[in-house]
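This report refers to the structure that appears directly beneath it.
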Amino acid sequence: MTLTPSAAPAPKSFGSDNHAGTHPAVLRALGEANRGDATAYGDDPWTARATAQLAEEFGASGVFFVFNGTAANVLGISLMLRPYEAVVCAEGAHLNVDECGAAERIVGCKLLTAATPDGKLTPQLVTDRLGGRGDEHRVQPRAVAITQVTEVGTCYTLEELRRLGEFCRANELLLYMDGARLANAAAFLGCSLADLAASIDVLSFGGTKNGAMGAEALIVMNPSLAATAVFQRKQQMQLASKMRYLAAQFSALLEDRLWLRNAEHANAMARRLADGVTGVPGVQLHQPVESNGVFAALDPELIETLQREWTFGVWDDREHVVRWMTAFDTTEDDVDAFVSGIRAAAGAITA
Ligand SMILES: Cc1ncc(COP(=O)(O)O)c(C=O)c1O
């Protein structure tokens with residue numbers, strides 16, 4: 001997909017929160033970090049500051065900056081497993097579907113997947129994948145990987161996280177959480193980042209989709225898992241020499257809780273979009289709207305018509321489900337224009 005820069009303002013993309021640019025405060029922080037020399041590989045004041053801020057925010061044992069979400073997931077999983085161990089995850093997990101087999105190749109582990117209608121794992125779904133424990137012929141499940149916000153825009157409640165955490169501890173399983181959109185979950189649930197991480201051993205905290213230019217943090221909650229992280233990060237080619245530029249982005253997002261304001265705004269825009277299309281013929285919401293994503297089943301003709309003018313993806317070809325994403329910089333006018341476009345196209349089809 002090409003989103004060509006042009007003189008005329010293009011309609012806002014609803015294709016991904018990755019389509020959005022960088023928040024001005026993050027760009028300012030990058031400019032400020034760009035003064036003079038700093039020691040490389042994280043031995044600099046910006047990294048010290050952002051690391052301390054995130055450690056406090058989460059109550060974490062270790063904080064490790066990486067370049068992207070796939071790397072965070074791979075590094076996180078690699079802290080947990082021995083060579084013959086496996087990860088239980090949802091069938092639709094980014095880790096399973098959208099990371100080009102990175103975990104399989106780089107960690108060298110097997111992913112044991114579970115089908116789930118709403119993107120969420122439950123103790124029962126995990127139990128169903130625990131067969132063969134202790135059998136030397138079978139891969140040994142050792143970790144569970146969940147995504148918060150899930151790939152279909154839903155959120156685990158704090159109670160669901162607590163129950164999953166308890167289940168994992170009782171069953172000698174470690175719990176990993178892909179938090180590429182963790183800010184949106186905190187905004188939806190009205191809780192702190194520490195609340196979200198309380199039952200988790202290792203998680204990622206996404207900056208990029210929240211307004212950073214490209215920075216993610218791996219947050220290690222379980223102190224027994226932090227010791228190898230720096231070595232594995234380097235082997236996995238994620239140790240930034242000019243680390244200050246990753247760290248400064250996080251400090252900008254943490255300043256006056258910009259991360260939360262960005263996420264609250266993006267979520268509110270998704271809610272506005274969902275409300276705007278409710279009742280439109282040929283449009284059926286497919287998942288509850290609990291973050292900055294709207295998943296809707298559409299009349300296939302409507303998809304084709306809309307995609308001539310608007311940027312968004314088809315999530316599920318078979319069921320004609322589309323994914324509309326909002327971002328920190330989506331405006332009410334952007335949403336209203338899109339809703340009008342949807343209403344007009346739907347009207348033309350049914351007329
Ligand atoms: C759930 C989830 N996890 C992780 C990622 C991070 O992926 P990337 O490696 O492209 O930064 C994404 C990005 O789309 C995502 O949606």
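Letters A, B, ... mark the chains of the structure tokens in the order given; residue numbers begin at 1 per chain; ligand numbers begin at 1, in order shown.
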Find the spatial neighbours of Arg49 (chain A), counting only C-alpha atoms, within a cut-off of 12 Å - ignore same-chain residues fewer than 5 positions away - and output them as a PyMOL selection string. chain A and resi 42-44+54-56+63+243-244+246-252+254-255
Could you save the residues just selected, with all heavy atoms, as a compact mmCIF listing (two decimals), in the first residue's frame?
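Saved to result.txt:
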```
# COMPACT_ATOMS: atom_id res chain seq x y z
N GLY A 42 23.41 2.92 25.47
CA GLY A 42 22.54 3.08 26.63
C GLY A 42 23.20 3.66 27.87
O GLY A 42 22.53 3.87 28.88
N ASP A 43 24.47 3.93 27.77
CA ASP A 43 25.16 4.50 28.93
C ASP A 43 25.08 6.03 28.84
O ASP A 43 26.09 6.72 28.72
CB ASP A 43 26.62 4.01 28.93
CG ASP A 43 27.36 4.44 30.19
OD1 ASP A 43 26.68 4.86 31.15
OD2 ASP A 43 28.60 4.36 30.19
N ASP A 44 23.87 6.54 28.84
CA ASP A 44 23.65 7.97 28.64
C ASP A 44 22.49 8.42 29.53
O ASP A 44 21.69 7.60 29.98
CB ASP A 44 23.31 8.24 27.15
CG ASP A 44 21.99 7.60 26.76
OD1 ASP A 44 20.93 8.15 27.10
OD2 ASP A 44 22.00 6.51 26.14
N LEU A 54 10.15 4.20 33.45
CA LEU A 54 9.33 3.03 33.12
C LEU A 54 9.36 2.00 34.24
O LEU A 54 8.34 1.37 34.55
CB LEU A 54 9.80 2.40 31.80
CG LEU A 54 9.39 3.16 30.53
CD1 LEU A 54 10.11 2.61 29.31
CD2 LEU A 54 7.88 3.08 30.32
N ALA A 55 10.53 1.83 34.86
CA ALA A 55 10.63 0.86 35.97
C ALA A 55 9.67 1.27 37.09
O ALA A 55 8.98 0.44 37.68
CB ALA A 55 12.06 0.78 36.47
N GLU A 56 9.58 2.58 37.32
CA GLU A 56 8.69 3.05 38.38
C GLU A 56 7.22 2.89 37.97
O GLU A 56 6.38 2.43 38.75
CB GLU A 56 9.00 4.51 38.70
CG GLU A 56 8.32 4.93 39.98
CD GLU A 56 8.48 6.40 40.28
OE1 GLU A 56 9.48 7.00 39.82
OE2 GLU A 56 7.59 6.93 40.97
N VAL A 63 14.16 -2.94 32.26
CA VAL A 63 13.56 -2.26 31.11
C VAL A 63 14.58 -2.26 29.99
O VAL A 63 15.73 -1.86 30.20
CB VAL A 63 13.18 -0.80 31.48
CG1 VAL A 63 12.71 -0.03 30.25
CG2 VAL A 63 12.13 -0.77 32.58
N MET A 243 21.26 4.80 21.69
CA MET A 243 20.06 4.45 22.47
C MET A 243 19.28 5.68 22.94
O MET A 243 18.08 5.62 23.16
CB MET A 243 20.50 3.63 23.70
CG MET A 243 19.39 3.14 24.58
SD MET A 243 18.75 1.59 23.99
CE MET A 243 19.99 0.47 24.65
N ARG A 244 19.98 6.80 23.11
CA ARG A 244 19.29 7.98 23.66
C ARG A 244 18.06 8.35 22.84
O ARG A 244 17.08 8.87 23.37
CB ARG A 244 20.25 9.17 23.74
CG ARG A 244 20.85 9.62 22.43
CD ARG A 244 21.69 10.88 22.59
NE ARG A 244 22.86 10.86 21.72
CZ ARG A 244 23.47 11.95 21.30
NH1 ARG A 244 23.04 13.13 21.67
NH2 ARG A 244 24.53 11.86 20.52
N LEU A 246 15.94 6.31 21.30
CA LEU A 246 14.79 5.46 21.68
C LEU A 246 14.26 5.91 23.03
O LEU A 246 13.06 6.07 23.23
CB LEU A 246 15.21 3.98 21.75
CG LEU A 246 15.73 3.31 20.49
CD1 LEU A 246 15.90 1.81 20.72
CD2 LEU A 246 14.80 3.53 19.32
N ALA A 247 15.18 6.10 23.96
CA ALA A 247 14.80 6.44 25.34
C ALA A 247 14.06 7.78 25.40
O ALA A 247 13.04 7.91 26.08
CB ALA A 247 16.04 6.48 26.21
N ALA A 248 14.57 8.76 24.65
CA ALA A 248 13.96 10.10 24.69
C ALA A 248 12.50 10.05 24.23
O ALA A 248 11.65 10.82 24.72
CB ALA A 248 14.76 11.06 23.82
N GLN A 249 12.19 9.14 23.31
CA GLN A 249 10.81 9.04 22.84
C GLN A 249 9.89 8.59 23.97
O GLN A 249 8.77 9.07 24.12
CB GLN A 249 10.74 8.03 21.69
CG GLN A 249 11.50 8.49 20.45
CD GLN A 249 11.38 7.48 19.32
OE1 GLN A 249 10.27 7.15 18.90
NE2 GLN A 249 12.50 6.98 18.85
N PHE A 250 10.38 7.66 24.78
CA PHE A 250 9.55 7.20 25.90
C PHE A 250 9.39 8.28 26.96
O PHE A 250 8.30 8.46 27.51
CB PHE A 250 10.12 5.92 26.51
CG PHE A 250 9.57 4.69 25.82
CD1 PHE A 250 10.33 4.01 24.91
CD2 PHE A 250 8.27 4.28 26.05
CE1 PHE A 250 9.82 2.91 24.24
CE2 PHE A 250 7.74 3.18 25.38
CZ PHE A 250 8.52 2.50 24.48
N SER A 251 10.47 9.01 27.23
CA SER A 251 10.33 10.09 28.23
C SER A 251 9.30 11.11 27.76
O SER A 251 8.52 11.64 28.56
CB SER A 251 11.68 10.76 28.50
OG SER A 251 12.49 9.86 29.23
N ALA A 252 9.29 11.38 26.44
CA ALA A 252 8.30 12.32 25.91
C ALA A 252 6.88 11.78 26.12
O ALA A 252 5.96 12.51 26.50
CB ALA A 252 8.55 12.57 24.44
N LEU A 254 5.92 9.73 28.42
CA LEU A 254 5.60 9.64 29.84
C LEU A 254 5.33 11.02 30.47
O LEU A 254 4.64 11.12 31.48
CB LEU A 254 6.73 8.93 30.60
CG LEU A 254 6.84 7.43 30.29
CD1 LEU A 254 8.18 6.87 30.74
CD2 LEU A 254 5.69 6.65 30.94
N GLU A 255 5.87 12.05 29.85
CA GLU A 255 5.72 13.42 30.37
C GLU A 255 4.23 13.78 30.42
O GLU A 255 3.53 13.70 29.41
CB GLU A 255 6.48 14.37 29.42
CG GLU A 255 6.49 15.81 29.84
CD GLU A 255 7.66 16.12 30.78
OE1 GLU A 255 8.70 15.43 30.69
OE2 GLU A 255 7.51 17.04 31.60
```
Which of region 7-199 of chain A DSSP labels strand (DSSP E), written as JSON, numbers by chain: {"A": [62, 63, 64, 65, 66, 85, 86, 87, 88, 89, 90, 110, 111, 112, 113, 114, 140, 141, 142, 143, 144, 145, 146, 147, 174, 175, 176, 177, 178]}
Please write the residues from the selection above to a file, keeping N, CA and C atoms, as a tab-separated table (two decimals), in the first residue's frame.
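Once everything was written out, this is selection-v6.tsv:
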```tsv
chain	number	residue	atom	x	y	z
A	62	GLY	N	13.32	-4.86	35.17
A	62	GLY	CA	14.25	-4.51	34.09
A	62	GLY	C	13.49	-3.88	32.94
A	63	VAL	N	14.16	-2.94	32.26
A	63	VAL	CA	13.56	-2.26	31.11
A	63	VAL	C	14.58	-2.26	29.99
A	64	PHE	N	14.18	-2.72	28.80
A	64	PHE	CA	15.14	-2.87	27.70
A	64	PHE	C	14.49	-2.32	26.43
A	65	PHE	N	15.10	-1.28	25.88
A	65	PHE	CA	14.54	-0.67	24.66
A	65	PHE	C	14.93	-1.47	23.43
A	66	VAL	N	13.98	-1.61	22.52
A	66	VAL	CA	14.23	-2.28	21.24
A	66	VAL	C	13.56	-1.46	20.14
A	85	GLU	N	11.19	-26.14	24.85
A	85	GLU	CA	9.95	-25.64	25.42
A	85	GLU	C	9.14	-24.82	24.41
A	86	ALA	N	7.85	-24.67	24.71
A	86	ALA	CA	6.92	-24.07	23.75
A	86	ALA	C	6.09	-22.97	24.40
A	87	VAL	N	5.46	-22.19	23.53
A	87	VAL	CA	4.59	-21.09	23.97
A	87	VAL	C	3.16	-21.36	23.52
A	88	VAL	N	2.23	-21.23	24.43
A	88	VAL	CA	0.82	-21.31	24.06
A	88	VAL	C	0.36	-19.89	23.74
A	89	CYS	N	-0.26	-19.72	22.58
A	89	CYS	CA	-0.77	-18.38	22.22
A	89	CYS	C	-2.05	-18.52	21.41
A	90	ALA	N	-2.74	-17.42	21.23
A	90	ALA	CA	-3.96	-17.44	20.42
A	90	ALA	C	-3.57	-17.64	18.96
A	110	LYS	N	8.43	-23.80	19.50
A	110	LYS	CA	7.15	-24.14	18.86
A	110	LYS	C	6.07	-23.27	19.49
A	111	LEU	N	5.13	-22.83	18.65
A	111	LEU	CA	3.97	-22.11	19.16
A	111	LEU	C	2.78	-23.06	19.15
A	112	LEU	N	2.15	-23.21	20.29
A	112	LEU	CA	0.96	-24.07	20.41
A	112	LEU	C	-0.25	-23.15	20.41
A	113	THR	N	-1.01	-23.17	19.33
A	113	THR	CA	-2.05	-22.15	19.19
A	113	THR	C	-3.42	-22.65	19.64
A	114	ALA	N	-4.23	-21.69	20.04
A	114	ALA	CA	-5.61	-21.99	20.45
A	114	ALA	C	-6.54	-21.05	19.71
A	140	GLN	N	7.56	-29.17	25.39
A	140	GLN	CA	7.05	-28.88	26.73
A	140	GLN	C	6.54	-27.44	26.84
A	141	PRO	N	5.22	-27.27	27.01
A	141	PRO	CA	4.70	-25.90	27.16
A	141	PRO	C	5.28	-25.25	28.41
A	142	ARG	N	5.84	-24.06	28.25
A	142	ARG	CA	6.45	-23.39	29.39
A	142	ARG	C	5.96	-21.95	29.56
A	143	ALA	N	5.47	-21.37	28.45
A	143	ALA	CA	5.01	-19.99	28.54
A	143	ALA	C	3.66	-19.84	27.85
A	144	VAL	N	2.94	-18.82	28.28
A	144	VAL	CA	1.68	-18.43	27.64
A	144	VAL	C	1.88	-17.00	27.16
A	145	ALA	N	1.53	-16.74	25.91
A	145	ALA	CA	1.65	-15.38	25.38
A	145	ALA	C	0.27	-14.83	25.06
A	146	ILE	N	-0.03	-13.69	25.66
A	146	ILE	CA	-1.30	-13.03	25.36
A	146	ILE	C	-1.00	-11.65	24.77
A	147	THR	N	-2.02	-11.04	24.20
A	147	THR	CA	-1.86	-9.70	23.63
A	147	THR	C	-2.90	-8.78	24.25
A	174	LEU	N	5.04	-19.50	32.52
A	174	LEU	CA	5.35	-18.08	32.59
A	174	LEU	C	4.39	-17.34	31.67
A	175	LEU	N	4.08	-16.09	32.04
A	175	LEU	CA	3.08	-15.34	31.27
A	175	LEU	C	3.72	-14.13	30.59
A	176	TYR	N	3.66	-14.13	29.26
A	176	TYR	CA	4.18	-13.01	28.46
A	176	TYR	C	3.00	-12.22	27.91
A	177	MET	N	3.16	-10.90	27.84
A	177	MET	CA	2.09	-10.07	27.26
A	177	MET	C	2.66	-9.13	26.19
A	178	ASP	N	2.13	-9.26	24.98
A	178	ASP	CA	2.45	-8.35	23.88
A	178	ASP	C	1.63	-7.08	24.11
```
Env. residues ligand 1 / 6 Å / only C-alpha atoms and all ligand atoms / as a PDB file with C-alpha atoms, in the first residue's frame:
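The resulting file, part29.pdb, is reproduced below:
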```pdb
ATOM      1  CA  ASN A  68      10.051  -2.719  17.099  1.00  0.00           C
ATOM      2  CA  GLY A  69       7.278  -4.876  18.439  1.00  0.00           C
ATOM      3  CA  THR A  70       8.345  -8.103  16.802  1.00  0.00           C
ATOM      4  CA  HIS A  94       0.703 -11.255  16.100  1.00  0.00           C
ATOM      5  CA  GLU A 151      -5.359  -8.300  17.713  1.00  0.00           C
ATOM      6  CA  ASP A 178       2.446  -8.348  23.879  1.00  0.00           C
ATOM      7  CA  ALA A 180       2.016  -3.115  21.414  1.00  0.00           C
TER       8      ALA A 180
END
```
Find the residues near Glu332 (chain A): any atom within 10 Å, counting only C-alpha atoms, skip ones fewer than 6 places away on the same chain, and give them as number ranges by chain. A: 265, 268-270, 272-273, 338
Any chance you could export the current selection's N, CA and C atoms as a PDB file, in the first residue's frame?
```pdb
ATOM      1  N   HIS A 265      -7.552   9.462  23.428  1.00  0.00           N
ATOM      2  CA  HIS A 265      -8.077  10.140  22.238  1.00  0.00           C
ATOM      3  C   HIS A 265      -8.344   9.130  21.113  1.00  0.00           C
ATOM      4  N   ALA A 268     -11.349   7.146  21.841  1.00  0.00           N
ATOM      5  CA  ALA A 268     -12.592   7.939  21.696  1.00  0.00           C
ATOM      6  C   ALA A 268     -12.960   8.079  20.216  1.00  0.00           C
ATOM      7  N   MET A 269     -11.945   8.192  19.359  1.00  0.00           N
ATOM      8  CA  MET A 269     -12.232   8.313  17.923  1.00  0.00           C
ATOM      9  C   MET A 269     -12.803   7.000  17.377  1.00  0.00           C
ATOM     10  N   ALA A 270     -12.311   5.872  17.883  1.00  0.00           N
ATOM     11  CA  ALA A 270     -12.854   4.579  17.438  1.00  0.00           C
ATOM     12  C   ALA A 270     -14.307   4.448  17.902  1.00  0.00           C
ATOM     13  N   ARG A 272     -16.367   6.877  18.446  1.00  0.00           N
ATOM     14  CA  ARG A 272     -17.176   7.805  17.627  1.00  0.00           C
ATOM     15  C   ARG A 272     -17.490   7.172  16.261  1.00  0.00           C
ATOM     16  N   LEU A 273     -16.491   6.515  15.721  1.00  0.00           N
ATOM     17  CA  LEU A 273     -16.671   5.850  14.418  1.00  0.00           C
ATOM     18  C   LEU A 273     -17.690   4.711  14.548  1.00  0.00           C
ATOM     19  N   PHE A 338     -15.370  10.155   7.362  1.00  0.00           N
ATOM     20  CA  PHE A 338     -15.381   8.719   7.022  1.00  0.00           C
ATOM     21  C   PHE A 338     -16.793   8.138   7.219  1.00  0.00           C
TER      22      PHE A 338
END
```
Please measure the separation of CA of Leu161 (chain A) and CA of Gly101 (chain A), giving the value in Å to one decimal. 26.2 Å
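Take the candidates A:Gly279, A:Gly15, A:Gly59, A:Pro24 and check each one against Ala346 (chain A) using only C-alpha atoms; the shortest distance goes to A:Gly279.
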Show me, as a compact mmCIF listing (two decimals) with all heavy atoms, in the first residue's frame, the residues that have an atom within 10 Å of Ala115 (chain A) when counting only C-alpha atoms, minus same-chain residues fewer than 5 positions from it.
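Below is the file that was written, out-v6.txt:
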```
# COMPACT_ATOMS: atom_id res chain seq x y z
N CYS A 89 -0.26 -19.72 22.58
CA CYS A 89 -0.77 -18.38 22.22
C CYS A 89 -2.05 -18.52 21.41
O CYS A 89 -2.40 -19.62 20.97
CB CYS A 89 0.28 -17.58 21.44
SG CYS A 89 0.68 -18.26 19.83
N ALA A 90 -2.74 -17.42 21.23
CA ALA A 90 -3.96 -17.44 20.42
C ALA A 90 -3.57 -17.64 18.96
O ALA A 90 -2.51 -17.19 18.52
CB ALA A 90 -4.71 -16.12 20.58
N GLU A 91 -4.45 -18.30 18.24
CA GLU A 91 -4.20 -18.55 16.80
C GLU A 91 -3.93 -17.25 16.06
O GLU A 91 -3.04 -17.17 15.22
CB GLU A 91 -5.45 -19.21 16.20
CG GLU A 91 -5.18 -20.17 15.10
CD GLU A 91 -6.43 -21.00 14.83
OE1 GLU A 91 -7.47 -20.40 14.48
OE2 GLU A 91 -6.36 -22.23 15.00
N GLY A 92 -4.67 -16.21 16.42
CA GLY A 92 -4.53 -14.93 15.71
C GLY A 92 -3.46 -14.02 16.29
O GLY A 92 -3.38 -12.85 15.91
N ALA A 93 -2.65 -14.53 17.22
CA ALA A 93 -1.64 -13.67 17.85
C ALA A 93 -0.67 -13.12 16.81
O ALA A 93 -0.27 -13.84 15.89
CB ALA A 93 -0.86 -14.46 18.90
N LYS A 120 -8.86 -13.59 22.98
CA LYS A 120 -8.39 -13.77 24.35
C LYS A 120 -8.20 -15.24 24.71
O LYS A 120 -9.07 -16.07 24.42
CB LYS A 120 -9.42 -13.19 25.34
CG LYS A 120 -9.62 -11.70 25.20
CD LYS A 120 -10.31 -11.17 26.44
CE LYS A 120 -11.48 -10.28 26.13
NZ LYS A 120 -12.21 -9.87 27.33
N LEU A 121 -7.11 -15.53 25.40
CA LEU A 121 -6.91 -16.87 25.95
C LEU A 121 -7.58 -16.95 27.32
O LEU A 121 -7.67 -15.95 28.04
CB LEU A 121 -5.42 -17.16 26.13
CG LEU A 121 -4.59 -17.42 24.88
CD1 LEU A 121 -3.14 -17.73 25.25
CD2 LEU A 121 -5.17 -18.56 24.04
N LEU A 125 -8.67 -22.68 27.63
CA LEU A 125 -8.03 -22.78 26.30
C LEU A 125 -6.56 -23.17 26.45
O LEU A 125 -6.03 -23.94 25.65
CB LEU A 125 -8.15 -21.45 25.55
CG LEU A 125 -9.54 -21.12 25.00
CD1 LEU A 125 -9.59 -19.69 24.48
CD2 LEU A 125 -9.94 -22.09 23.90
```
Hey, what's within 6 Å of region 194-207 of chain A if we count only C-alpha atoms and toss same-chain stuff fewer than 3 positions away? As a PyMOL selection string, please? chain A and resi 58+72+162+165+175-181+210+212+215-222
Pick from A:Asp329, A:Glu32, A:Glu57, A:Asp334 nearest to Gly211 (chain A), counting only C-alpha atoms: A:Asp329
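Among the candidate residues A:Asn267, A:Gly276, A:Trp315, A:Ala296, the one lying nearest to Asp17 (chain A) is A:Asn267, with distances computed using only C-alpha atoms.
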Write out as a PyMOL selection string the set of residues from region 53-274 of chain A that DSSP, computed on the backbone, places in alpha helix (DSSP H). chain A and resi 53-58+69-78+94-97+102+123-127+158-170+182-189+193-197+229-235+244-254+258-274
For the selection just defined, write its residues with C-alpha atoms to a file, as a PDB file, in the first residue's frame.
```pdb
ATOM      1  CA  GLN A  53      10.627   6.241  34.683  1.00  0.00           C
ATOM      2  CA  LEU A  54       9.332   3.028  33.116  1.00  0.00           C
ATOM      3  CA  ALA A  55      10.627   0.861  35.966  1.00  0.00           C
ATOM      4  CA  GLU A  56       8.687   3.045  38.381  1.00  0.00           C
ATOM      5  CA  GLU A  57       5.556   3.204  36.236  1.00  0.00           C
ATOM      6  CA  PHE A  58       5.375  -0.609  35.972  1.00  0.00           C
ATOM      7  CA  GLY A  69       7.278  -4.876  18.439  1.00  0.00           C
ATOM      8  CA  THR A  70       8.345  -8.103  16.802  1.00  0.00           C
ATOM      9  CA  ALA A  71      11.765  -7.746  18.408  1.00  0.00           C
ATOM     10  CA  ALA A  72      10.191  -7.096  21.801  1.00  0.00           C
ATOM     11  CA  ASN A  73       8.077 -10.244  21.486  1.00  0.00           C
ATOM     12  CA  VAL A  74      11.020 -12.371  20.380  1.00  0.00           C
ATOM     13  CA  LEU A  75      13.298 -11.038  23.107  1.00  0.00           C
ATOM     14  CA  GLY A  76      10.600 -11.462  25.733  1.00  0.00           C
ATOM     15  CA  ILE A  77       9.882 -15.049  24.752  1.00  0.00           C
ATOM     16  CA  SER A  78      13.582 -15.865  24.564  1.00  0.00           C
ATOM     17  CA  HIS A  94       0.703 -11.255  16.100  1.00  0.00           C
ATOM     18  CA  LEU A  95       3.473 -13.534  17.328  1.00  0.00           C
ATOM     19  CA  ASN A  96       1.919 -16.403  15.375  1.00  0.00           C
ATOM     20  CA  VAL A  97       0.550 -14.688  12.284  1.00  0.00           C
ATOM     21  CA  ALA A 102      10.505 -14.847  14.007  1.00  0.00           C
ATOM     22  CA  PRO A 123      -7.254 -20.949  31.505  1.00  0.00           C
ATOM     23  CA  GLN A 124      -9.420 -23.566  29.762  1.00  0.00           C
ATOM     24  CA  LEU A 125      -8.031 -22.782  26.305  1.00  0.00           C
ATOM     25  CA  VAL A 126      -4.490 -23.000  27.693  1.00  0.00           C
ATOM     26  CA  THR A 127      -5.247 -26.256  29.524  1.00  0.00           C
ATOM     27  CA  LEU A 158      -7.928  -6.972  35.189  1.00  0.00           C
ATOM     28  CA  GLU A 159      -9.840  -9.907  36.632  1.00  0.00           C
ATOM     29  CA  GLU A 160      -9.177 -12.008  33.497  1.00  0.00           C
ATOM     30  CA  LEU A 161      -5.481 -11.134  33.717  1.00  0.00           C
ATOM     31  CA  ARG A 162      -5.398 -12.022  37.391  1.00  0.00           C
ATOM     32  CA  ARG A 163      -7.051 -15.391  36.777  1.00  0.00           C
ATOM     33  CA  LEU A 164      -4.717 -16.200  33.903  1.00  0.00           C
ATOM     34  CA  GLY A 165      -1.712 -15.217  36.025  1.00  0.00           C
ATOM     35  CA  GLU A 166      -2.858 -17.412  38.903  1.00  0.00           C
ATOM     36  CA  PHE A 167      -3.479 -20.280  36.530  1.00  0.00           C
ATOM     37  CA  CYS A 168      -0.007 -19.913  35.022  1.00  0.00           C
ATOM     38  CA  ARG A 169       1.718 -19.824  38.413  1.00  0.00           C
ATOM     39  CA  ALA A 170      -0.229 -22.890  39.554  1.00  0.00           C
ATOM     40  CA  LEU A 182      -1.000  -1.466  26.090  1.00  0.00           C
ATOM     41  CA  ALA A 183      -1.690   2.261  26.426  1.00  0.00           C
ATOM     42  CA  ASN A 184      -5.063   1.775  24.732  1.00  0.00           C
ATOM     43  CA  ALA A 185      -5.933  -0.988  27.202  1.00  0.00           C
ATOM     44  CA  ALA A 186      -5.017   1.217  30.169  1.00  0.00           C
ATOM     45  CA  ALA A 187      -7.177   3.977  28.700  1.00  0.00           C
ATOM     46  CA  PHE A 188     -10.139   1.663  28.141  1.00  0.00           C
ATOM     47  CA  LEU A 189      -9.922  -0.055  31.533  1.00  0.00           C
ATOM     48  CA  LEU A 193       0.272   0.244  33.592  1.00  0.00           C
ATOM     49  CA  ALA A 194       1.346  -1.428  36.832  1.00  0.00           C
ATOM     50  CA  ASP A 195      -2.179  -2.860  37.238  1.00  0.00           C
ATOM     51  CA  LEU A 196      -1.979  -4.343  33.754  1.00  0.00           C
ATOM     52  CA  ALA A 197       1.432  -5.861  34.442  1.00  0.00           C
ATOM     53  CA  ALA A 229      18.166  -9.855  28.662  1.00  0.00           C
ATOM     54  CA  VAL A 230      21.085  -7.589  27.734  1.00  0.00           C
ATOM     55  CA  PHE A 231      22.995 -10.454  26.107  1.00  0.00           C
ATOM     56  CA  GLN A 232      20.015 -11.768  24.203  1.00  0.00           C
ATOM     57  CA  ARG A 233      19.075  -8.259  23.061  1.00  0.00           C
ATOM     58  CA  LYS A 234      22.544  -7.770  21.598  1.00  0.00           C
ATOM     59  CA  GLN A 235      22.515 -11.175  19.882  1.00  0.00           C
ATOM     60  CA  ARG A 244      19.289   7.978  23.659  1.00  0.00           C
ATOM     61  CA  TYR A 245      16.941   8.445  20.694  1.00  0.00           C
ATOM     62  CA  LEU A 246      14.794   5.458  21.676  1.00  0.00           C
ATOM     63  CA  ALA A 247      14.795   6.441  25.336  1.00  0.00           C
ATOM     64  CA  ALA A 248      13.959  10.103  24.695  1.00  0.00           C
ATOM     65  CA  GLN A 249      10.812   9.037  22.839  1.00  0.00           C
ATOM     66  CA  PHE A 250       9.549   7.199  25.905  1.00  0.00           C
ATOM     67  CA  SER A 251      10.327  10.090  28.233  1.00  0.00           C
ATOM     68  CA  ALA A 252       8.295  12.322  25.912  1.00  0.00           C
ATOM     69  CA  LEU A 253       5.343   9.906  26.054  1.00  0.00           C
ATOM     70  CA  LEU A 254       5.596   9.640  29.843  1.00  0.00           C
ATOM     71  CA  LEU A 258       0.999  11.916  27.053  1.00  0.00           C
ATOM     72  CA  TRP A 259       0.814   8.160  26.393  1.00  0.00           C
ATOM     73  CA  LEU A 260      -2.533   8.035  28.189  1.00  0.00           C
ATOM     74  CA  ARG A 261      -3.950  11.130  26.531  1.00  0.00           C
ATOM     75  CA  ASN A 262      -2.939   9.802  23.109  1.00  0.00           C
ATOM     76  CA  ALA A 263      -4.556   6.442  23.812  1.00  0.00           C
ATOM     77  CA  GLU A 264      -7.716   7.968  25.288  1.00  0.00           C
ATOM     78  CA  HIS A 265      -8.077  10.140  22.238  1.00  0.00           C
ATOM     79  CA  ALA A 266      -7.526   7.285  19.772  1.00  0.00           C
ATOM     80  CA  ASN A 267     -10.026   5.126  21.674  1.00  0.00           C
ATOM     81  CA  ALA A 268     -12.592   7.939  21.696  1.00  0.00           C
ATOM     82  CA  MET A 269     -12.232   8.313  17.923  1.00  0.00           C
ATOM     83  CA  ALA A 270     -12.854   4.579  17.438  1.00  0.00           C
ATOM     84  CA  ARG A 271     -15.925   4.837  19.666  1.00  0.00           C
ATOM     85  CA  ARG A 272     -17.176   7.805  17.627  1.00  0.00           C
ATOM     86  CA  LEU A 273     -16.671   5.850  14.418  1.00  0.00           C
ATOM     87  CA  ALA A 274     -18.461   2.777  15.785  1.00  0.00           C
TER      88      ALA A 274
END
```
